[in-house]
$ cat coords-v1.txt   # compact mmCIF, C-alpha atoms and all ligand atoms
# COMPACT_ATOMS: atom_id res chain seq x y z
CA MET A 1 5.95 -6.07 18.90
CA ALA A 2 4.06 -5.89 15.64
CA ASP A 3 5.60 -5.84 12.16
CA PHE A 4 4.47 -3.46 9.41
CA LEU A 5 4.84 -5.45 6.22
CA GLY A 6 1.56 -4.38 4.63
CA ILE A 7 -0.83 -1.49 5.23
CA ALA A 8 -3.49 -3.86 6.64
CA ASP A 9 -1.12 -4.85 9.47
CA LEU A 10 -2.06 -1.67 11.35
CA GLY A 11 -5.77 -2.49 11.46
CA VAL A 12 -8.26 0.33 11.00
CA LYS A 13 -7.77 1.65 14.55
CA GLY A 14 -3.98 1.65 14.25
CA LEU A 15 -4.13 3.29 10.84
CA ARG A 16 -6.39 6.03 12.17
CA SER A 17 -4.13 6.65 15.13
CA VAL A 18 -0.93 6.81 12.99
CA LEU A 19 -2.53 9.32 10.60
CA ASP A 20 -3.83 11.49 13.46
CA LEU A 21 -0.40 11.50 15.12
CA ALA A 22 1.27 12.29 11.78
CA ALA A 23 -1.01 15.30 11.33
CA GLU A 24 0.06 16.52 14.80
CA PHE A 25 3.74 16.00 13.96
CA LYS A 26 3.29 18.04 10.80
CA VAL A 27 1.99 21.01 12.79
CA ASP A 28 4.75 20.72 15.42
CA ARG A 29 8.09 19.63 13.99
CA ALA A 30 9.90 20.03 17.34
CA HIS A 31 12.38 17.24 18.08
CA ARG A 32 11.11 14.71 20.63
CA SER A 33 12.66 12.11 22.87
CA ASP A 34 10.18 9.22 22.37
CA LEU A 35 12.84 6.92 20.92
CA VAL A 36 15.99 7.94 22.79
CA GLY A 37 18.28 4.92 23.18
CA LYS A 38 16.79 3.04 20.19
CA SER A 39 18.82 2.08 17.14
CA ILE A 40 16.95 1.64 13.89
CA GLY A 41 18.23 -0.22 10.83
CA LEU A 42 17.27 1.04 7.37
CA PHE A 43 18.29 -1.42 4.65
CA PHE A 44 18.06 -0.70 0.91
CA GLU A 45 18.33 -3.33 -1.80
CA LYS A 46 17.16 -0.73 -4.37
CA PRO A 47 17.72 3.02 -4.81
CA SER A 48 15.76 5.51 -2.67
CA THR A 49 15.57 9.24 -2.03
CA ARG A 50 12.31 9.94 -0.15
CA THR A 51 12.18 6.74 1.88
CA ARG A 52 15.80 6.83 2.94
CA VAL A 53 15.86 10.51 3.90
CA SER A 54 12.41 10.62 5.52
CA ALA A 55 13.11 7.52 7.62
CA GLU A 56 16.57 8.67 8.67
CA VAL A 57 15.38 12.17 9.59
CA ALA A 58 12.30 10.73 11.34
CA ALA A 59 14.50 8.56 13.55
CA ILE A 60 16.76 11.51 14.41
CA GLU A 61 13.82 13.84 15.18
CA LEU A 62 12.52 11.24 17.66
CA GLY A 63 15.90 10.81 19.35
CA ALA A 64 16.73 7.40 17.82
CA HIS A 65 19.94 6.45 16.04
CA PRO A 66 19.45 5.37 12.41
CA VAL A 67 21.88 2.91 10.78
CA VAL A 68 21.60 2.92 6.99
CA LEU A 69 22.73 -0.21 5.14
CA ARG A 70 22.90 -0.91 1.43
CA GLN A 71 22.82 -4.16 -0.47
CA ASP A 72 26.35 -3.62 -1.83
CA GLU A 73 27.68 -3.80 1.74
CA VAL A 74 25.32 -6.40 3.27
CA GLY A 75 24.85 -8.80 0.35
CA LEU A 76 21.42 -10.01 1.55
CA GLY A 77 21.05 -13.60 0.32
CA ILE A 78 24.46 -13.43 -1.43
CA ARG A 79 27.16 -12.74 1.16
CA GLU A 80 24.98 -14.27 3.84
CA SER A 81 21.56 -15.95 3.99
CA VAL A 82 18.52 -13.74 4.53
CA ALA A 83 17.75 -15.53 7.81
CA ASP A 84 21.29 -15.02 9.15
CA VAL A 85 21.27 -11.31 8.25
CA ALA A 86 17.99 -11.00 10.17
CA ARG A 87 19.33 -12.94 13.18
CA VAL A 88 22.47 -10.79 13.35
CA LEU A 89 20.82 -7.39 12.86
CA ASP A 90 18.23 -8.34 15.47
CA ARG A 91 21.04 -8.56 18.06
CA PHE A 92 22.06 -4.93 17.41
CA LEU A 93 18.94 -3.05 16.41
CA ASP A 94 15.54 -2.25 17.94
CA LEU A 95 13.71 -2.11 14.60
CA LEU A 96 14.57 -3.49 11.15
CA ALA A 97 13.24 -1.59 8.13
CA PHE A 98 13.92 -3.15 4.72
CA ARG A 99 13.45 -2.19 1.05
CA VAL A 100 13.65 -5.44 -0.92
CA PHE A 101 12.90 -6.85 -4.35
CA ASP A 102 11.14 -9.95 -3.07
CA HIS A 103 8.39 -9.64 -0.45
CA ALA A 104 9.11 -13.25 0.60
CA ASN A 105 12.44 -12.03 2.00
CA LEU A 106 10.59 -9.62 4.30
CA LEU A 107 8.51 -12.51 5.62
CA GLU A 108 11.68 -14.50 6.22
CA ILE A 109 13.33 -11.57 8.01
CA ALA A 110 10.25 -11.15 10.19
CA ASP A 111 10.37 -14.87 11.01
CA HIS A 112 13.95 -14.61 12.28
CA ALA A 113 13.89 -11.26 14.08
CA ALA A 114 12.17 -10.44 17.36
CA ALA A 115 12.37 -6.70 16.63
CA PRO A 116 9.57 -5.16 14.56
CA VAL A 117 10.17 -5.36 10.81
CA VAL A 118 8.98 -2.54 8.54
CA ASN A 119 8.46 -2.72 4.77
CA LEU A 120 10.19 0.19 3.02
CA LEU A 121 8.88 -1.14 -0.36
CA SER A 122 8.76 -4.62 -1.81
CA ASP A 123 7.43 -5.99 -5.08
CA LEU A 124 4.01 -6.37 -3.42
CA GLU A 125 3.51 -3.36 -1.14
CA HIS A 126 4.71 0.14 -0.29
CA PRO A 127 2.79 0.70 2.95
CA CYS A 128 4.80 3.72 4.22
CA GLN A 129 3.93 5.44 0.94
CA ALA A 130 0.24 4.62 1.44
CA LEU A 131 0.33 6.29 4.87
CA ALA A 132 1.61 9.49 3.24
CA ASP A 133 -0.96 9.17 0.43
CA LEU A 134 -3.81 8.92 2.94
CA LEU A 135 -2.53 11.85 5.01
CA THR A 136 -2.26 13.95 1.84
CA ILE A 137 -5.82 13.12 0.78
CA GLU A 138 -7.05 14.00 4.27
CA GLU A 139 -5.45 17.44 3.96
CA THR A 140 -8.12 18.17 1.33
CA ARG A 141 -11.06 15.89 2.18
CA SER A 142 -12.06 12.82 4.18
CA VAL A 143 -11.00 9.47 2.67
CA ASP A 144 -14.37 8.11 3.78
CA GLY A 145 -16.62 8.28 0.73
CA CYS A 146 -13.98 9.64 -1.64
CA VAL A 147 -13.12 8.10 -5.00
CA VAL A 148 -9.46 7.64 -5.93
CA ALA A 149 -8.76 6.94 -9.60
CA TYR A 150 -5.44 5.07 -9.82
CA ILE A 151 -4.25 5.04 -13.43
CA GLY A 152 -1.48 2.75 -14.66
CA ASP A 153 0.32 -0.32 -13.36
CA GLY A 154 -1.37 -2.46 -10.69
CA ASN A 155 1.86 -2.49 -8.68
CA ASN A 156 3.15 -2.29 -5.09
CA VAL A 157 2.01 1.34 -4.67
CA CYS A 158 -1.42 0.50 -6.09
CA HIS A 159 -1.84 -2.49 -3.75
CA SER A 160 -1.12 -0.56 -0.54
CA LEU A 161 -3.17 2.44 -1.69
CA MET A 162 -6.23 0.29 -2.55
CA VAL A 163 -6.20 -1.45 0.80
CA GLY A 164 -5.51 1.74 2.80
CA VAL A 165 -8.24 3.75 1.08
CA ALA A 166 -10.71 0.89 1.54
CA MET A 167 -9.84 0.60 5.26
CA LEU A 168 -10.88 4.25 5.71
CA GLY A 169 -14.14 3.87 3.76
CA GLY A 170 -13.07 5.23 0.37
CA ARG A 171 -13.21 3.67 -3.10
CA VAL A 172 -10.46 3.07 -5.66
CA HIS A 173 -10.99 2.81 -9.41
CA VAL A 174 -7.92 1.12 -10.91
CA VAL A 175 -7.61 1.86 -14.63
CA GLY A 176 -4.89 0.40 -16.83
CA PRO A 177 -4.10 -1.96 -19.70
CA ALA A 178 -5.28 -5.57 -19.56
CA GLY A 179 -2.64 -7.85 -18.10
CA TYR A 180 -1.27 -5.22 -15.68
CA GLU A 181 -4.06 -5.30 -13.10
CA PRO A 182 -3.37 -5.39 -9.36
CA LYS A 183 -3.05 -8.87 -7.87
CA ALA A 184 -6.39 -10.48 -7.06
CA GLN A 185 -5.36 -11.08 -3.43
CA TYR A 186 -5.07 -7.29 -2.87
CA VAL A 187 -8.34 -6.51 -4.66
CA GLU A 188 -10.02 -9.10 -2.43
CA MET A 189 -8.32 -7.73 0.69
CA ALA A 190 -9.50 -4.20 -0.12
CA LYS A 191 -13.05 -5.41 -0.73
CA LEU A 192 -13.03 -7.37 2.52
CA LEU A 193 -11.66 -4.49 4.59
CA GLY A 194 -13.72 -1.86 2.78
CA ASN A 195 -17.37 -0.86 3.00
CA SER A 196 -19.86 -3.65 3.57
CA THR A 197 -21.20 -3.39 0.00
CA GLY A 198 -17.92 -4.77 -1.39
CA THR A 199 -17.59 -1.85 -3.82
CA ALA A 200 -14.29 -0.51 -2.49
CA VAL A 201 -12.40 -1.43 -5.65
CA GLN A 202 -13.29 -1.48 -9.34
CA VAL A 203 -10.66 -2.58 -11.85
CA GLY A 204 -10.96 -1.92 -15.58
CA THR A 205 -9.39 -0.71 -18.79
CA ASP A 206 -11.91 2.06 -19.50
CA LEU A 207 -10.75 5.60 -18.74
CA GLY A 208 -14.40 6.43 -17.97
CA LEU A 209 -13.57 5.14 -14.46
CA VAL A 210 -11.79 8.48 -13.89
CA ASP A 211 -15.05 10.45 -14.31
CA GLY A 212 -15.77 12.60 -11.27
CA ALA A 213 -12.95 11.12 -9.15
CA ASP A 214 -11.76 13.14 -6.15
CA VAL A 215 -8.14 12.04 -6.47
CA VAL A 216 -6.16 11.12 -9.58
CA TYR A 217 -3.08 9.00 -8.82
CA THR A 218 -0.43 7.49 -11.06
CA ASP A 219 2.97 5.81 -10.72
CA VAL A 220 5.77 4.82 -13.08
CA TRP A 221 4.96 2.28 -15.79
CA ALA A 222 8.05 0.19 -15.03
CA SER A 223 8.97 -0.22 -11.37
CA MET A 224 12.49 -0.75 -10.07
CA GLY A 225 13.62 -4.16 -11.30
CA GLN A 226 11.34 -4.04 -14.39
CA GLY A 227 13.76 -1.97 -16.50
CA ALA A 228 14.18 -4.74 -19.07
CA ASP A 229 10.45 -4.47 -19.79
CA ALA A 230 10.37 -0.68 -19.95
CA GLU A 231 10.14 -0.28 -23.72
CA ALA A 232 7.30 -2.75 -24.16
CA ARG A 233 5.49 -1.21 -21.19
CA ALA A 234 5.85 2.33 -22.60
CA GLU A 235 3.86 1.24 -25.65
CA VAL A 236 1.13 -0.60 -23.74
CA PHE A 237 0.68 2.16 -21.14
CA ALA A 238 0.78 5.14 -23.57
CA PRO A 239 -3.05 5.52 -23.74
CA TYR A 240 -3.05 5.85 -19.94
CA GLN A 241 -0.78 8.88 -19.68
CA VAL A 242 -2.27 11.36 -17.19
CA ASP A 243 -2.45 14.55 -19.26
CA ALA A 244 -4.56 17.67 -18.82
CA ASP A 245 -7.53 16.14 -20.68
CA LEU A 246 -7.57 13.04 -18.50
CA PHE A 247 -7.14 15.09 -15.30
CA ALA A 248 -10.08 17.29 -16.44
CA MET A 249 -12.37 14.22 -16.41
CA ALA A 250 -12.02 14.06 -12.61
CA ALA A 251 -14.01 16.32 -10.25
CA ASN A 252 -13.29 20.01 -10.74
CA ASN A 253 -11.60 20.16 -7.32
CA ALA A 254 -9.74 16.84 -7.73
CA ILE A 255 -6.14 16.63 -6.57
CA PHE A 256 -3.28 14.87 -8.36
CA LEU A 257 -0.96 12.49 -6.49
CA HIS A 258 2.20 10.55 -7.49
CA ASP A 259 4.51 8.73 -5.08
CA LEU A 260 7.60 9.98 -7.05
CA PRO A 261 10.07 9.67 -8.64
CA ALA A 262 7.99 10.63 -11.70
CA HIS A 263 8.95 10.07 -15.30
CA ARG A 264 7.64 13.35 -16.68
CA GLY A 265 6.33 12.97 -20.22
CA GLU A 266 5.61 9.26 -19.66
CA GLU A 267 2.95 8.44 -17.05
CA VAL A 268 2.24 12.14 -16.38
CA THR A 269 2.70 15.40 -18.26
CA ASP A 270 4.28 18.54 -16.79
CA ALA A 271 0.89 20.29 -17.05
CA VAL A 272 -0.59 17.85 -14.52
CA ILE A 273 2.30 17.25 -12.12
CA ASP A 274 2.89 21.04 -11.94
CA HIS A 275 -0.85 21.83 -11.81
CA GLU A 276 -2.12 24.02 -8.94
CA ARG A 277 -4.10 21.00 -7.73
CA SER A 278 -1.07 18.68 -7.78
CA ARG A 279 -0.09 17.75 -4.21
CA VAL A 280 2.97 15.62 -5.02
CA PHE A 281 5.48 17.59 -2.95
CA ASP A 282 3.18 17.74 0.09
CA GLN A 283 2.78 14.00 -0.40
CA ALA A 284 6.58 13.56 -0.43
CA GLU A 285 6.97 15.73 2.70
CA ASN A 286 4.28 13.68 4.42
CA ARG A 287 6.56 10.62 4.20
CA LEU A 288 8.49 12.15 7.12
CA HIS A 289 5.50 12.88 9.34
CA VAL A 290 3.89 9.45 8.82
CA PHE A 291 7.16 7.61 9.42
CA LYS A 292 7.64 9.43 12.72
CA ALA A 293 4.08 8.52 13.71
CA LEU A 294 4.61 4.91 12.64
CA LEU A 295 7.77 4.60 14.74
CA VAL A 296 6.05 6.00 17.82
CA HIS A 297 3.10 3.66 17.22
CA LEU A 298 5.28 0.55 16.83
CA PHE A 299 7.24 1.28 20.03
CA ARG A 300 4.17 2.11 22.09
N1 LIG B 401 8.25 7.27 -3.14
C1 LIG B 401 9.39 6.67 -2.77
O1 LIG B 401 9.40 5.63 -2.11
O2 LIG B 401 10.53 7.30 -3.20
P1 LIG B 401 12.00 6.70 -3.09
O3 LIG B 401 12.07 5.49 -3.99
O4 LIG B 401 12.89 7.83 -3.57
O5 LIG B 401 12.27 6.32 -1.67
N1 LIG B 402 6.37 1.34 -8.09
C1 LIG B 402 7.63 2.02 -7.91
C2 LIG B 402 7.58 2.88 -6.69
C3 LIG B 402 8.83 3.65 -6.42
C4 LIG B 402 8.74 4.46 -5.15
C5 LIG B 402 8.74 0.99 -7.80
O1 LIG B 402 8.54 -0.06 -7.16
O2 LIG B 402 9.82 1.21 -8.37

$ encode --input "coords-v1.txt" --output "structure tokens"
Amino acid sequence: MADFLGIADLGVKGLRSVLDLAAEFKVDRAHRSDLVGKSIGLFFEKPSTRTRVSAEVAAIELGAHPVVLRQDEVGLGIRESVADVARVLDRFLDLLAFRVFDHANLLEIADHAAAPVVNLLSDLEHPCQALADLLTIEETRSVDGCVVAYIGDGNNVCHSLMVGVAMLGGRVHVVGPAGYEPKAQYVEMAKLLGNSTGTAVQVGTDLGLVDGADVVYTDVWASMGQGADAEARAEVFAPYQVDADLFAMAANNAIFLHDLPAHRGEEVTDAVIDHERSRVFDQAENRLHVFKALLVHLFR
């Protein structure tokens, strides 16, 4: 069975089918029995609200049994080697979903487990978030041909979003301070998987890249694990705060997205996150519907 370590792992066809199924699940929230008899591990090396609750509820609504594990009890790489944790959990569980600091640990887990491994956020990608982002965009307009302005840190959320939007034919303008761009390998991946003209991603420091965008997206300036850097980052990122003036540069029907948790007054002002065209709580809810669809897809 396939792993889901990055958004590209689904392929365009798989991505389309997960999003379509998620939209159906959103309309009909009835409990199902697709995954009866399956036990699903959800491991967290970092804090989580949306991911933990959406994944646990998703498993229950499909008839599976979720087992939630935290780093303070497992000691991944401390109490026991990463490979041995993977080998042991693989004997008990039908799917291993992990939130980790280091993406390399996910690759190692996948190497040592026969069960599918799912990325619940790493330093490089947040693919379950990207699924919810895409579903939320599609609730307003097609991703094909749309322009998403991502403002801020070229981080895990940015990487998965860029690649996912490109896979569905959209474009992403990444705007932020020099030195905090997305990794070149993800820009290249998005360009490769995107439209044949190679214009799926533009990266720059100029806020003019927000002009006329259909979606305005931002994330925290310092991700989990970057707390020591937070003060320096706050200074560098200040010109990129998404306030009402910046949001007004986008199309007049543009929507605002943020994966949450938000640091109100830092990367986004209350006026924007609470705007009538902000979709952040639909986006959070969509984490549930896409995770259900992903589980069904992986066990198909
Ligand atoms: N967006 C997201 O992944 O939220 P949590 O960190 O609360 O899971
Ligand atoms: N980029 C953020 C996303 C949190 C959901 C982080 O990694 O902390």

$ closest_residue --input "coords-v1.txt" --among "A:Tyr180, A:Trp221, A:Phe44, A:Tyr186" --to "ligand LIG 401 (chain B)" --atoms "all atoms listed in the file"
A:Phe44

$ axis_aligned_box --input "coords-v1.txt" --around "ligand LIG 401 (chain B)" --padding-each-side "4 Å" --output "JSON"
{"center_x": 10.6, "center_y": 6.7, "center_z": -2.8, "size_x": 12.6, "size_y": 10.3, "size_z": 10.3}

$ residues_around --input "coords-v1.txt" --residues "segment 121-131 of chain A" --least-positions-apart "3" --cutoff "9 Å" --atoms "all atoms listed in the file" --output "ChimeraX atom specification"
/A:4-8,15,18-19,51,98-104,106,118,134-136,155-165,183,223-225,259,283-284,286-287,290-291,294

$ write_last_selection --input "coords-v1.txt" --atoms "C-alpha atoms" --output "compact mmCIF listing (two decimals), in the coordinates of the input"
# COMPACT_ATOMS: atom_id res chain seq x y z
CA PHE A 4 4.47 -3.46 9.41
CA LEU A 5 4.84 -5.45 6.22
CA GLY A 6 1.56 -4.38 4.63
CA ILE A 7 -0.83 -1.49 5.23
CA ALA A 8 -3.49 -3.86 6.64
CA LEU A 15 -4.13 3.29 10.84
CA VAL A 18 -0.93 6.81 12.99
CA LEU A 19 -2.53 9.32 10.60
CA THR A 51 12.18 6.74 1.88
CA PHE A 98 13.92 -3.15 4.72
CA ARG A 99 13.45 -2.19 1.05
CA VAL A 100 13.65 -5.44 -0.92
CA PHE A 101 12.90 -6.85 -4.35
CA ASP A 102 11.14 -9.95 -3.07
CA HIS A 103 8.39 -9.64 -0.45
CA ALA A 104 9.11 -13.25 0.60
CA LEU A 106 10.59 -9.62 4.30
CA VAL A 118 8.98 -2.54 8.54
CA LEU A 134 -3.81 8.92 2.94
CA LEU A 135 -2.53 11.85 5.01
CA THR A 136 -2.26 13.95 1.84
CA ASN A 155 1.86 -2.49 -8.68
CA ASN A 156 3.15 -2.29 -5.09
CA VAL A 157 2.01 1.34 -4.67
CA CYS A 158 -1.42 0.50 -6.09
CA HIS A 159 -1.84 -2.49 -3.75
CA SER A 160 -1.12 -0.56 -0.54
CA LEU A 161 -3.17 2.44 -1.69
CA MET A 162 -6.23 0.29 -2.55
CA VAL A 163 -6.20 -1.45 0.80
CA GLY A 164 -5.51 1.74 2.80
CA VAL A 165 -8.24 3.75 1.08
CA LYS A 183 -3.05 -8.87 -7.87
CA SER A 223 8.97 -0.22 -11.37
CA MET A 224 12.49 -0.75 -10.07
CA GLY A 225 13.62 -4.16 -11.30
CA ASP A 259 4.51 8.73 -5.08
CA GLN A 283 2.78 14.00 -0.40
CA ALA A 284 6.58 13.56 -0.43
CA ASN A 286 4.28 13.68 4.42
CA ARG A 287 6.56 10.62 4.20
CA VAL A 290 3.89 9.45 8.82
CA PHE A 291 7.16 7.61 9.42
CA LEU A 294 4.61 4.91 12.64

$ atom_distance --input "coords-v1.txt" --atom1 "atom CA of Ile60 of chain A" --atom2 "atom CA of Gly11 of chain A"
26.7 Å

$ atom_distance --input "coords-v1.txt" --atom1 "atom CA of Ala248 of chain A" --atom2 "atom CA of Arg50 of chain A"
28.6 Å

$ closest_residue --input "coords-v1.txt" --among "A:His173, A:Arg233, A:Arg16, A:Lys46" --to "ligand LIG 401 (chain B)" --atoms "only C-alpha atoms and all ligand atoms"
A:Lys46

$ closest_residue --input "coords-v1.txt" --among "A:Ser33, A:Ser278, A:Thr269, A:Thr218" --to "ligand LIG 402 (chain B)" --atoms "only C-alpha atoms and all ligand atoms"
A:Thr218

$ closest_residue --input "coords-v1.txt" --among "A:Gly154, A:Pro239, A:Gly169, A:Gly179" --to "Asp219 of chain A" --atoms "all atoms listed in the file"
A:Gly154

$ closest_residue --input "coords-v1.txt" --among "A:Gly208, A:Pro47, A:Gly77, A:Pro116" --to "ligand LIG 402 (chain B)" --atoms "all atoms listed in the file"
A:Pro47

$ atom_distance --input "coords-v1.txt" --atom1 "atom CA of Ser17 of chain A" --atom2 "atom CA of Thr49 of chain A"
26.3 Å

$ residues_around --input "coords-v1.txt" --residues "Gly41 of chain A" --least-positions-apart "3" --cutoff "12 Å" --atoms "all atoms listed in the file" --output "VMD selection string"
chain A and resid 38 44 52 55 to 56 59 64 to 70 85 to 86 88 to 99 115 to 120
